[in-house]
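Enquirer: Pasting a structure below so you can have a look.
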Amino acid sequence: MNSRFLKFLFLFLVLCGTANFANAQKKKSTKKTTKGKTRASIQPSVASVDTVAIPVVNPEPMVKVEAASDSLPLQKIKPSLRPDESVETTLLRERIPLAYEHLRADDAVYRHRVWREIDTREKINQTFNYAANEDNGNQRFISILLQALQDSTKGITAFSSLDDRFTTPMTKAEIIKNVVGEAVEVPEYDSLGNLIGTKKKNNDVNLDSFYKFHIKEEVVFDKESSRLFWRILGIAPVKNIYNSAGLFLGESELFWVYYPDMRPIFSTYEVYNGKNFGNRMSWDDLFESRMFSGRIIKSSMDNPKDEAIKNIKTLEENKMLQLFEGENIKEKIFTYEQDQWSY
């Protein structure tokens, strides 16, 4: 019994010793693995160096094209902060034009259309070039037209010069292009002198270079009132055209404006009077009173081909004969009116 008990005790001790030895070996192996991992994790990483050098190229300056200014070439006039005159003229500048007398088609026994050219270099027309500045802007006639087109609240429309029947409205950009030409690109530099881009800029314009105007009007003899009426229909400024070498190529109409639309604006601008500054009429009064000089360049009288006088074959090369032809048309209209009277 004792020997049997001893055998069991010996076997139990052997099994326990074997288990302890196995556990010790397992822990030792795990400890070695953990140490290896820890050492690997704390080793500093070495940055890889690219042996191929990449050349650095300076970027080209970005070219950004800005839109040209959507503004007509008008000088900005500062208004006076104090009354700049000794008399009260507020009511004069708020004038409205008189309405036209109604003309019935049945009473218009005589009608013709006439085109005239006003040359403001003539002495009688020098008021068109009055260059003074007032609170309502520059007083040149071309400037008055451009101011009316610039102010969108006035509702004035410019029509293309492709024809003189007011068929094709023009945008403000098209008007600017006709007045100053194509916008040019100018370089932009930063404070260090580096090119940073380009922008479009309109050319400068000399308003005194617009010294001719075309007028389209209609002459009507009304039998009811026994009067001859002149009714202006449109006005067009004229521009001289030159090539890149400065050679004069001809003349071109910039645009047409409908004269009845302009009458309320013309009535607020006064015409220069060199004899008495306090006795000035409005531009509407000037046109309605016919206080300007213009030679006839075209008419509907005996003109089945609708040609300008300068394009008539027998008159193409002779400026003097063209002038005489215009005076001949004027004389025919005057004679017709006089023949209606009996003395």
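In the structure tokens, the first chain shown is A, the next is B, and so on; residue numbers restart at 1 for each chain, and ligands run from 1 in the order shown.
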Would you tabulate, counting only C-alpha atoms, all residues of range 294-339 of chain A that have an atom at most 6 Å from an atom of range 92-114 of chain A, showing the closest pair of atoms and their distance in Å to one decimal, sorted by chain then ascending number, as a Markdown table?

Expert:
```
| residue | atom | partner | partner_atom | distance |
| --- | --- | --- | --- | --- |
| A:Lys298 | CA | A:Val114 | CA | 6.0 |
| A:Ser299 | CA | A:Val114 | CA | 4.4 |
| A:Ser300 | CA | A:Arg113 | CA | 5.4 |
```

Enquirer: Which of range 186-282 of chain A counts as strand (DSSP E) under DSSP, as a ChimeraX atom specification please?

Expert: /A:186-189,195-201,212-222,227-242,248-253,256-258

Enquirer: So how far away is CA of Thr157 in chain A from CA of Asn129 in chain A, in Å?

Expert: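 Distance reported for this atom pair: 23.1 Å.
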
Enquirer: What is the distance between CA of Tyr258 in chain A and CA of Gly234 in chain A, in Å to one decimal?

Expert: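 Distance between the two atoms: 4.6 Å.
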
Enquirer: Find the residue from A:Glu117, A:Glu185, A:Glu325, A:Glu317 that sits nearest to Asp302 in chain A; use only C-alpha atoms when measuring.

Expert: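 Nearest candidate to Asp302 in chain A out of A:Glu117, A:Glu185, A:Glu325, A:Glu317: A:Glu325.
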
Enquirer: Per DSSP on the backbone, filter range 132-263 of chain A down to the residues in helix (DSSP H, G or I) and report them as an NGL selection string.

Expert: :A and (141-150 or 152-154 or 172-180 or 207-209 or 259-263)

Enquirer: Using Å and a single decimal, report how far CA of Phe334 in chain A sits from CA of Trp230 in chain A.

Expert: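 Distance between the two atoms: 12.1 Å.
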
Enquirer: For Pro73 in chain A, which residue out of A:Ser143, A:Thr89, A:Thr171, A:Ser252 is the nearest one, using only C-alpha atoms?

Expert: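 Among the listed residues, the smallest separation from Pro73 in chain A belongs to A:Ser143.
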
Enquirer: Can you tell me, as JSON, numbers by chain, what residues are no more than 12 Å from Ala148 in chain A when counting only C-alpha atoms, ignoring any on the same chain fewer than 2 positions away?

Expert: {"A": [72, 74, 136, 137, 138, 141, 142, 143, 144, 145, 146, 150, 151, 152, 153, 154, 155, 156, 157, 158, 172, 257, 258, 261, 262, 263, 264, 265, 266, 268, 269]}

Enquirer: Generate a file of the selected residues that holds C-alpha atoms, formatted as a compact mmCIF listing (two decimals), in the first residue's frame.

Expert:
```txt
# COMPACT_ATOMS: atom_id res chain seq x y z
CA LEU A 72 -17.57 105.98 -73.14
CA LEU A 74 -15.88 111.13 -71.41
CA ASN A 136 -24.07 118.95 -66.60
CA GLY A 137 -20.80 117.99 -68.28
CA ASN A 138 -18.66 119.14 -71.15
CA PHE A 141 -21.93 118.78 -79.04
CA ILE A 142 -20.27 115.38 -79.48
CA SER A 143 -19.89 115.19 -75.70
CA ILE A 144 -23.60 115.91 -75.23
CA LEU A 145 -24.44 112.99 -77.51
CA LEU A 146 -22.06 110.62 -75.73
CA GLN A 150 -23.71 106.83 -71.38
CA ASP A 151 -26.63 107.53 -69.03
CA SER A 152 -28.90 104.50 -69.37
CA THR A 153 -31.67 106.23 -67.40
CA LYS A 154 -32.29 108.61 -70.29
CA GLY A 155 -33.29 105.79 -72.60
CA ILE A 156 -31.38 107.01 -75.66
CA THR A 157 -30.54 104.35 -78.24
CA ALA A 158 -27.77 104.52 -80.79
CA LYS A 172 -22.42 100.34 -75.50
CA VAL A 257 -29.52 108.86 -82.87
CA TYR A 258 -33.20 109.57 -83.34
CA ASP A 261 -35.67 111.17 -78.62
CA MET A 262 -32.88 113.69 -78.04
CA ARG A 263 -35.08 116.80 -77.87
CA PRO A 264 -35.75 116.61 -74.09
CA ILE A 265 -31.98 116.36 -73.52
CA PHE A 266 -31.11 119.11 -75.98
CA THR A 268 -31.46 121.21 -70.99
CA TYR A 269 -28.16 122.21 -72.65
```

Enquirer: Using only C-alpha atoms, determine which residues lie at most 10 Å from Lys310 in chain A, disregarding the query and same-chain residues fewer than 5 positions distant; provide the list as a list in words.

Expert: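 Once the nearby chain positions are removed, what remains is Ile297, Lys298, Leu315, Glu316, Glu317, Asn318, Lys319, Leu321, Gln322, Leu323 and Glu325 of chain A.
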
Enquirer: Write out, as a compact mmCIF listing (two decimals), in the first residue's frame, the residues just selected, with C-alpha atoms.

Expert:
```txt
# COMPACT_ATOMS: atom_id res chain seq x y z
CA ILE A 297 -25.13 115.87 -99.51
CA LYS A 298 -28.17 113.82 -100.56
CA LEU A 315 -19.96 114.81 -110.03
CA GLU A 316 -17.61 112.25 -108.47
CA GLU A 317 -14.36 114.07 -109.15
CA ASN A 318 -15.47 117.66 -108.71
CA LYS A 319 -16.10 118.92 -105.18
CA LEU A 321 -19.94 120.78 -108.64
CA GLN A 322 -21.14 118.70 -105.69
CA LEU A 323 -21.53 121.88 -103.66
CA GLU A 325 -25.75 120.58 -106.80
```

Enquirer: Would you please work out which residue, of A:Ala308, A:Phe248, A:Glu217, A:Val179, is nearest to Phe287 in chain A when using only C-alpha atoms?

Expert: A:Glu217

Enquirer: Give me the residues within 9 Å of range 205-216 of chain A as a ChimeraX atom specification, counting only C-alpha atoms and dropping any in the same chain fewer than 2 places off.

Expert: /A:73-74,113-121,128-129,131,140,142-143,164,179-180,202-203,218,231-240,253,256,294,297

Enquirer: For N, CA and C atoms, I'd like the residues from the last selection saved as a short mmCIF file (atom, residue, chain, number, x, y, z; two decimals), in the first residue's frame.

Expert:
```cif
data_model
loop_
_atom_site.label_atom_id
_atom_site.label_comp_id
_atom_site.auth_asym_id
_atom_site.auth_seq_id
_atom_site.Cartn_x
_atom_site.Cartn_y
_atom_site.Cartn_z
N PRO A 73 -15.66 107.37 -73.72
CA PRO A 73 -14.51 108.24 -73.41
C PRO A 73 -14.94 109.65 -73.07
N LEU A 74 -15.42 109.83 -71.85
CA LEU A 74 -15.88 111.13 -71.41
C LEU A 74 -15.09 111.57 -70.19
N ARG A 113 -37.01 114.28 -98.62
CA ARG A 113 -36.00 114.00 -97.60
C ARG A 113 -34.67 114.58 -98.03
N VAL A 114 -33.98 115.15 -97.05
CA VAL A 114 -32.73 115.85 -97.32
C VAL A 114 -31.71 115.43 -96.26
N TRP A 115 -30.50 115.16 -96.71
CA TRP A 115 -29.38 114.87 -95.81
C TRP A 115 -28.38 116.02 -95.90
N ARG A 116 -27.95 116.52 -94.76
CA ARG A 116 -26.99 117.62 -94.71
C ARG A 116 -25.74 117.21 -93.95
N GLU A 117 -24.67 117.91 -94.23
CA GLU A 117 -23.42 117.76 -93.49
C GLU A 117 -23.08 119.08 -92.83
N ILE A 118 -22.97 119.04 -91.50
CA ILE A 118 -22.61 120.23 -90.72
C ILE A 118 -21.12 120.15 -90.41
N ASP A 119 -20.37 121.13 -90.87
CA ASP A 119 -18.95 121.22 -90.59
C ASP A 119 -18.77 122.29 -89.50
N THR A 120 -18.38 121.84 -88.30
CA THR A 120 -18.30 122.77 -87.17
C THR A 120 -17.10 123.69 -87.24
N ARG A 121 -16.25 123.55 -88.27
CA ARG A 121 -15.14 124.48 -88.44
C ARG A 121 -15.60 125.78 -89.08
N PHE A 128 -20.82 124.44 -81.84
CA PHE A 128 -20.79 122.99 -81.67
C PHE A 128 -19.50 122.56 -80.95
N ASN A 129 -18.48 123.41 -80.98
CA ASN A 129 -17.18 123.06 -80.40
C ASN A 129 -16.91 123.78 -79.09
N ALA A 131 -15.97 124.27 -75.67
CA ALA A 131 -15.25 123.26 -74.88
C ALA A 131 -15.32 123.46 -73.38
N ARG A 140 -19.22 120.43 -75.48
CA ARG A 140 -19.09 120.08 -76.89
C ARG A 140 -20.33 119.29 -77.33
N ILE A 142 -20.54 116.81 -79.48
CA ILE A 142 -20.27 115.38 -79.48
C ILE A 142 -20.31 114.83 -78.06
N SER A 143 -19.87 115.63 -77.09
CA SER A 143 -19.89 115.19 -75.70
C SER A 143 -21.32 115.08 -75.19
N ASP A 164 -29.53 104.45 -92.40
CA ASP A 164 -29.99 105.61 -91.63
C ASP A 164 -31.48 105.54 -91.32
N VAL A 179 -16.01 104.57 -81.52
CA VAL A 179 -15.46 105.88 -81.15
C VAL A 179 -13.95 105.81 -80.97
N VAL A 180 -13.45 104.83 -80.24
CA VAL A 180 -12.02 104.77 -79.90
C VAL A 180 -11.26 103.68 -80.64
N ASN A 202 -8.71 100.92 -73.56
CA ASN A 202 -9.19 101.68 -74.70
C ASN A 202 -8.21 102.79 -75.08
N ASN A 203 -8.16 103.07 -76.35
CA ASN A 203 -7.30 104.15 -76.82
C ASN A 203 -7.85 105.50 -76.36
N GLU A 218 -36.65 115.96 -93.04
CA GLU A 218 -37.72 115.92 -94.04
C GLU A 218 -38.37 117.30 -94.13
N ARG A 231 -38.39 119.05 -90.45
CA ARG A 231 -38.41 118.14 -89.31
C ARG A 231 -37.16 117.26 -89.36
N ILE A 232 -36.30 117.43 -88.36
CA ILE A 232 -35.08 116.62 -88.28
C ILE A 232 -35.44 115.23 -87.76
N LEU A 233 -34.92 114.21 -88.41
CA LEU A 233 -35.20 112.82 -88.02
C LEU A 233 -34.03 112.17 -87.28
N GLY A 234 -32.81 112.46 -87.69
CA GLY A 234 -31.66 111.81 -87.06
C GLY A 234 -30.40 112.63 -87.18
N ILE A 235 -29.46 112.34 -86.28
CA ILE A 235 -28.16 112.99 -86.25
C ILE A 235 -27.08 111.92 -86.11
N ALA A 236 -26.01 112.07 -86.88
CA ALA A 236 -24.90 111.10 -86.83
C ALA A 236 -23.57 111.84 -86.80
N PRO A 237 -22.73 111.61 -85.78
CA PRO A 237 -21.36 112.16 -85.82
C PRO A 237 -20.52 111.41 -86.84
N VAL A 238 -19.55 112.11 -87.40
CA VAL A 238 -18.70 111.56 -88.46
C VAL A 238 -17.26 111.50 -87.96
N LYS A 239 -16.59 110.40 -88.26
CA LYS A 239 -15.21 110.20 -87.83
C LYS A 239 -14.31 110.03 -89.04
N ASN A 240 -13.12 110.63 -88.98
CA ASN A 240 -12.10 110.44 -90.02
C ASN A 240 -11.40 109.11 -89.81
N GLU A 253 -19.64 107.35 -90.61
CA GLU A 253 -20.60 107.72 -89.56
C GLU A 253 -20.45 106.75 -88.39
N TRP A 256 -26.22 106.55 -85.48
CA TRP A 256 -27.34 107.48 -85.65
C TRP A 256 -28.15 107.52 -84.36
N GLY A 294 -25.48 123.89 -93.05
CA GLY A 294 -25.12 122.55 -93.50
C GLY A 294 -25.35 122.41 -94.99
N ILE A 297 -25.97 116.93 -98.94
CA ILE A 297 -25.13 115.87 -99.51
C ILE A 297 -25.97 114.77 -100.17
#
```
